[in-house]
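Report on the following structure.
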Amino acid sequence: MIEKHIVLEDVDPVIFYGVNNVNMQMIKALYPKLRIVARGNVIKVMGDEEEMCAFEENIRLIEQHCSKYNRLTEEDILQLVKGQKTQAETTEGAIVYSVGGKPVTPRSENQQRLVQAYNENDMLFAIGPAGSGKTYIAIALAVRALKNKEIRRIILSRPAVEAGEKLGFLPGDMKDKIDPYLQPLYDALGDMIPAAKLQEYMEQQVIQIAPLAFMRGRTLNDAVVILDEAQNTTPAQLKMFLTRMGTNTKMIVTGDQTQIDLPPSQHSGLVEALHILKGVKGIAFVSMNQKDIVRHKLVTRIVEAYGRHDSRKAEERKTHKNEPAQKDTIVFPDLQGMGDN
């Protein structure tokens with residue numbers, strides 16, 4: 001009788017073992033000749049050497065399935081051991097799978113263009129209104145690359161600019177101060193990576209979230225690097241960020257030109273970059289619109305209403321600019337009936 005320890009490296013043990021350890025009980029039932037004890041992310045196996053080899057081979061298949069699809073059922077285990085396809089494997093077009101096991105797929109034509117542009121280019125600009133999925137799809141692509149071991153880390157960044165209000169002093173250490181700006185990125189990651197695994201990734205610096213100001217001087221290799229809210233960068237900041245690109249790295253820049261929160265005296269680095277980098281080989285530009293919005297249906301109506309308002313204001317400014325200047329007219333008071341005193 002021999003003994004072996006198998007470490008589960010790429011999965012959340014909670015998902016792998018199942019509610020009340022139902023998945024582990026199923027695995028034990030399939031290998032009655034083995035004594036199997038699971039603690040944390042380590043499975044200790046004792047028993048027949050030949051059966052143990054088959055067990056280890058299948059446990060790795062089950063682990064890979066659980067890591068990729070973020071779900072594992074008793075039915076999945078049976079099908080994997082038999083060499084059959086699971087229900088999740090028959091789903092087409094998914095980028096990654098959410099924590100609940102649901103596929104994250106492009107939900108519009110432009111979102112599909114975004115995925116295709118990522119596959120064909122090393123640098124990508126995704127421009128569009130709020131709710132069009134540009135950041136969410138970008139993070140899904142980065143998580144897929146990490147799961148497939150195409151890269152070693154994900155780096156996410158945003159400029160620390162308030163949206164129309166001054167937050168003032170924020171208590172705590174540096175992480176506490178920048179977290180409010182980066183919460184949307186945490187939300188997207190939390191949808192796709194189990195909480196325990198996400199915490200582990202962040203502690204090991206596999207996933208790094210940092211304000212744009214901390215990028216200077218770095219060379220970013222073997223990574224997917226995402227800059228969100230790029231409309232709030234200055235030209236110098238965006239140039240600095242883009243030149244951090246190293247080997248085996250992909251960069252995705254997302255932004256919305258209609259939501260610039262910079263002071264009126266500062267120009268948006270994103271708007272300038274769209275003109276400067278147009279036509280540069282290896283850089284793709286994908287424009288999203290109201291049809292790509294996948295939030296509540298009211299978001300689409302709100303974006304459209306503001307778009308119509310902005311168009312009217314632009315037309316009014318144009319009309320006033322083209323009107324001939326009128327001479328000032330001096331109006332004198334009516335002096336009739338007023339006599340000398």
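Residues in the structure tokens are numbered from 1 in each chain, the chains being A, B, ... in the order shown, and ligands are numbered from 1 in the order shown.
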Quiz item: Among stretch 28-233 of chain A, which residues carry a DSSP assignment of alpha helix (DSSP H), reported as a VMD selection string?
Solution: chain A and resid 28 to 30 49 to 69 74 to 81 109 to 120 134 to 147 174 to 192 195 to 203
Could the residues in this selection be saved with C-alpha atoms as an mmCIF file, in the first residue's frame?
```
data_model
loop_
_atom_site.group_PDB
_atom_site.id
_atom_site.type_symbol
_atom_site.label_atom_id
_atom_site.label_comp_id
_atom_site.auth_asym_id
_atom_site.auth_seq_id
_atom_site.Cartn_x
_atom_site.Cartn_y
_atom_site.Cartn_z
ATOM 1 C CA LYS A 28 -14.818 8.145 -3.063
ATOM 2 C CA ALA A 29 -17.622 5.868 -4.290
ATOM 3 C CA LEU A 30 -15.937 5.553 -7.685
ATOM 4 C CA GLU A 49 -0.896 1.743 -6.847
ATOM 5 C CA GLU A 50 -2.659 0.991 -10.159
ATOM 6 C CA GLU A 51 -5.978 2.391 -8.942
ATOM 7 C CA MET A 52 -4.189 5.396 -7.510
ATOM 8 C CA CYS A 53 -2.717 6.238 -10.938
ATOM 9 C CA ALA A 54 -6.188 6.193 -12.502
ATOM 10 C CA PHE A 55 -7.517 8.276 -9.597
ATOM 11 C CA GLU A 56 -4.817 10.947 -9.980
ATOM 12 C CA GLU A 57 -5.351 11.194 -13.736
ATOM 13 C CA ASN A 58 -9.101 11.669 -13.319
ATOM 14 C CA ILE A 59 -8.801 14.030 -10.368
ATOM 15 C CA ARG A 60 -6.695 16.338 -12.551
ATOM 16 C CA LEU A 61 -9.363 16.254 -15.281
ATOM 17 C CA ILE A 62 -11.998 17.109 -12.702
ATOM 18 C CA GLU A 63 -9.807 19.912 -11.319
ATOM 19 C CA GLN A 64 -9.310 21.423 -14.785
ATOM 20 C CA HIS A 65 -13.046 21.278 -15.436
ATOM 21 C CA CYS A 66 -13.831 22.943 -12.103
ATOM 22 C CA SER A 67 -11.238 25.678 -12.706
ATOM 23 C CA LYS A 68 -12.476 26.468 -16.202
ATOM 24 C CA TYR A 69 -16.228 26.368 -15.625
ATOM 25 C CA GLU A 74 -21.970 14.810 -9.445
ATOM 26 C CA GLU A 75 -23.114 14.414 -13.042
ATOM 27 C CA ASP A 76 -20.016 16.279 -14.264
ATOM 28 C CA ILE A 77 -17.775 13.909 -12.282
ATOM 29 C CA LEU A 78 -19.409 10.798 -13.736
ATOM 30 C CA GLN A 79 -19.145 12.101 -17.307
ATOM 31 C CA LEU A 80 -15.501 13.149 -16.908
ATOM 32 C CA VAL A 81 -14.501 9.763 -15.479
ATOM 33 C CA GLU A 109 -22.071 42.541 -32.396
ATOM 34 C CA ASN A 110 -19.590 45.130 -31.117
ATOM 35 C CA GLN A 111 -18.774 43.050 -28.044
ATOM 36 C CA GLN A 112 -17.970 40.189 -30.423
ATOM 37 C CA ARG A 113 -15.768 42.598 -32.416
ATOM 38 C CA LEU A 114 -13.999 43.438 -29.165
ATOM 39 C CA VAL A 115 -13.183 39.765 -28.552
ATOM 40 C CA GLN A 116 -11.973 39.324 -32.136
ATOM 41 C CA ALA A 117 -9.835 42.469 -31.975
ATOM 42 C CA TYR A 118 -8.213 41.197 -28.764
ATOM 43 C CA ASN A 119 -7.354 37.892 -30.453
ATOM 44 C CA GLU A 120 -5.737 39.663 -33.423
ATOM 45 C CA LYS A 134 -16.306 47.223 -22.579
ATOM 46 C CA THR A 135 -14.663 46.840 -19.148
ATOM 47 C CA TYR A 136 -16.478 43.620 -18.253
ATOM 48 C CA ILE A 137 -15.512 41.903 -21.531
ATOM 49 C CA ALA A 138 -11.933 43.170 -21.159
ATOM 50 C CA ILE A 139 -11.631 41.630 -17.690
ATOM 51 C CA ALA A 140 -13.230 38.391 -18.919
ATOM 52 C CA LEU A 141 -10.566 38.169 -21.649
ATOM 53 C CA ALA A 142 -7.827 38.745 -19.070
ATOM 54 C CA VAL A 143 -9.221 36.071 -16.714
ATOM 55 C CA ARG A 144 -9.406 33.612 -19.626
ATOM 56 C CA ALA A 145 -5.768 34.260 -20.507
ATOM 57 C CA LEU A 146 -4.753 33.691 -16.877
ATOM 58 C CA LYS A 147 -6.736 30.452 -16.583
ATOM 59 C CA MET A 174 -2.744 53.392 0.513
ATOM 60 C CA LYS A 175 -4.952 50.431 -0.414
ATOM 61 C CA ASP A 176 -7.853 51.890 1.577
ATOM 62 C CA LYS A 177 -7.428 55.229 -0.199
ATOM 63 C CA ILE A 178 -7.433 53.864 -3.762
ATOM 64 C CA ASP A 179 -10.005 51.077 -3.345
ATOM 65 C CA PRO A 180 -13.034 53.390 -3.862
ATOM 66 C CA TYR A 181 -11.730 54.286 -7.338
ATOM 67 C CA LEU A 182 -11.121 50.639 -8.257
ATOM 68 C CA GLN A 183 -14.311 49.061 -6.887
ATOM 69 C CA PRO A 184 -15.843 48.479 -10.374
ATOM 70 C CA LEU A 185 -12.822 46.335 -11.256
ATOM 71 C CA TYR A 186 -13.167 44.320 -8.023
ATOM 72 C CA ASP A 187 -16.853 43.770 -8.845
ATOM 73 C CA ALA A 188 -16.084 42.312 -12.283
ATOM 74 C CA LEU A 189 -13.302 40.086 -10.940
ATOM 75 C CA GLY A 190 -15.560 38.853 -8.148
ATOM 76 C CA ASP A 191 -18.105 37.722 -10.747
ATOM 77 C CA MET A 192 -15.564 35.485 -12.498
ATOM 78 C CA ALA A 195 -13.626 34.842 -3.505
ATOM 79 C CA ALA A 196 -10.988 32.613 -1.859
ATOM 80 C CA LYS A 197 -9.058 32.218 -5.111
ATOM 81 C CA LEU A 198 -9.300 35.941 -5.900
ATOM 82 C CA GLN A 199 -7.904 36.782 -2.471
ATOM 83 C CA GLU A 200 -5.044 34.340 -3.039
ATOM 84 C CA TYR A 201 -4.295 35.826 -6.470
ATOM 85 C CA MET A 202 -4.174 39.340 -5.040
ATOM 86 C CA GLU A 203 -1.979 38.357 -2.097
#
```
Quiz item: Which parts of stretch 278-326 of chain A does DSSP call strand (DSSP E or B) when run on the backbone here, written out as an NGL selection string?
Solution: :A and (283-287)
Kindly save the residues from that selection, with all heavy atoms included, as a PDB file, in the first residue's frame.
```pdb
ATOM      1  N   ILE A 283      -2.551  48.023 -33.377  1.00  0.00           N
ATOM      2  CA  ILE A 283      -3.479  48.662 -32.447  1.00  0.00           C
ATOM      3  C   ILE A 283      -4.864  48.653 -33.075  1.00  0.00           C
ATOM      4  O   ILE A 283      -5.043  49.091 -34.210  1.00  0.00           O
ATOM      5  CB  ILE A 283      -3.066  50.112 -32.109  1.00  0.00           C
ATOM      6  CG1 ILE A 283      -1.664  50.141 -31.503  1.00  0.00           C
ATOM      7  CG2 ILE A 283      -4.070  50.736 -31.150  1.00  0.00           C
ATOM      8  CD1 ILE A 283      -1.167  51.537 -31.175  1.00  0.00           C
ATOM      9  N   ALA A 284      -5.845  48.143 -32.341  1.00  0.00           N
ATOM     10  CA  ALA A 284      -7.219  48.084 -32.842  1.00  0.00           C
ATOM     11  C   ALA A 284      -8.098  49.044 -32.052  1.00  0.00           C
ATOM     12  O   ALA A 284      -7.851  49.306 -30.870  1.00  0.00           O
ATOM     13  CB  ALA A 284      -7.764  46.665 -32.729  1.00  0.00           C
ATOM     14  N   PHE A 285      -9.126  49.576 -32.717  1.00  0.00           N
ATOM     15  CA  PHE A 285     -10.082  50.483 -32.095  1.00  0.00           C
ATOM     16  C   PHE A 285     -11.483  49.921 -32.297  1.00  0.00           C
ATOM     17  O   PHE A 285     -11.882  49.648 -33.429  1.00  0.00           O
ATOM     18  CB  PHE A 285      -9.983  51.881 -32.706  1.00  0.00           C
ATOM     19  CG  PHE A 285      -8.640  52.528 -32.539  1.00  0.00           C
ATOM     20  CD1 PHE A 285      -7.612  52.294 -33.452  1.00  0.00           C
ATOM     21  CD2 PHE A 285      -8.374  53.372 -31.470  1.00  0.00           C
ATOM     22  CE1 PHE A 285      -6.374  52.882 -33.308  1.00  0.00           C
ATOM     23  CE2 PHE A 285      -7.137  53.960 -31.309  1.00  0.00           C
ATOM     24  CZ  PHE A 285      -6.131  53.715 -32.225  1.00  0.00           C
ATOM     25  N   VAL A 286     -12.213  49.745 -31.200  1.00  0.00           N
ATOM     26  CA  VAL A 286     -13.589  49.242 -31.285  1.00  0.00           C
ATOM     27  C   VAL A 286     -14.504  50.270 -30.637  1.00  0.00           C
ATOM     28  O   VAL A 286     -14.322  50.634 -29.474  1.00  0.00           O
ATOM     29  CB  VAL A 286     -13.738  47.883 -30.570  1.00  0.00           C
ATOM     30  CG1 VAL A 286     -15.195  47.423 -30.614  1.00  0.00           C
ATOM     31  CG2 VAL A 286     -12.835  46.842 -31.213  1.00  0.00           C
ATOM     32  N   SER A 287     -15.473  50.741 -31.406  1.00  0.00           N
ATOM     33  CA  SER A 287     -16.432  51.729 -30.900  1.00  0.00           C
ATOM     34  C   SER A 287     -17.735  51.037 -30.538  1.00  0.00           C
ATOM     35  O   SER A 287     -18.313  50.322 -31.358  1.00  0.00           O
ATOM     36  CB  SER A 287     -16.697  52.812 -31.959  1.00  0.00           C
ATOM     37  OG  SER A 287     -15.516  53.547 -32.217  1.00  0.00           O
TER      38      SER A 287
END
```
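Reported to one decimal place, the separation of atom CA of A:Arg244 from atom CA of A:Asp122 is 13.0 Å.
All residues of protein, DNA or RNA that reach within 8 Å of A:Tyr97, judged by only C-alpha atoms and not counting those fewer than 2 positions away in the chain, are Lys68, Tyr69, Asn70, Ala94, Ile95, Val99, Gly100, Gly101, Lys102, Pro103, Val104 and Met192 of chain A.
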Practice problem: Skip A:Ser268 itself and residues of its chain fewer than 5 positions away, then list as a PyMOL selection string all residues within 7 Å of it, counting only C-alpha atoms. | Solution: chain A and resi 231-235
Any chance you could export the current selection's N, CA, C and O atoms as a short mmCIF file (atom, residue, chain, number, x, y, z; two decimals), in the first residue's frame?
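After the write, out_4.cif holds the following:
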```
data_model
loop_
_atom_site.label_atom_id
_atom_site.label_comp_id
_atom_site.auth_asym_id
_atom_site.auth_seq_id
_atom_site.Cartn_x
_atom_site.Cartn_y
_atom_site.Cartn_z
N GLN A 231 -10.62 58.08 -20.34
CA GLN A 231 -10.97 59.46 -20.72
C GLN A 231 -10.53 60.46 -19.67
O GLN A 231 -10.41 61.65 -19.95
N ASN A 232 -10.23 59.97 -18.46
CA ASN A 232 -9.81 60.85 -17.38
C ASN A 232 -8.29 60.88 -17.19
O ASN A 232 -7.80 61.28 -16.14
N THR A 233 -7.56 60.44 -18.20
CA THR A 233 -6.10 60.57 -18.19
C THR A 233 -5.70 61.83 -18.95
O THR A 233 -6.40 62.26 -19.87
N THR A 234 -4.58 62.39 -18.59
CA THR A 234 -4.01 63.47 -19.38
C THR A 234 -3.19 62.84 -20.52
O THR A 234 -2.85 61.65 -20.45
N PRO A 235 -2.87 63.60 -21.58
CA PRO A 235 -2.04 63.04 -22.65
C PRO A 235 -0.73 62.45 -22.15
O PRO A 235 -0.31 61.38 -22.60
#
```
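For the atom pair formed by atom CA of A:Glu272 and atom CA of A:Gln290, the distance is 22.9 Å, given to one decimal.
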Practice problem: Would you mind telling me which residue in A:Val11, A:Val206, A:Ile27, A:Val22 lies nearest to A:Gly40 when using only C-alpha atoms? | Solution: A:Val11
Practice problem: Just give me the gap between atom CA of A:Phe125 and atom CA of A:Gly269 in Å, one decimal is fine. | Solution: 12.4 Å
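Using only C-alpha atoms, the nearest neighbour of A:Thr105 within the list A:Val294, A:Ala126, A:Val303, A:Leu238 is A:Val294.
Distances to A:Lys278 were evaluated for A:Leu124, A:Gly217, A:Pro106, A:Gly83 using only C-alpha atoms, and the minimum falls at A:Leu124.
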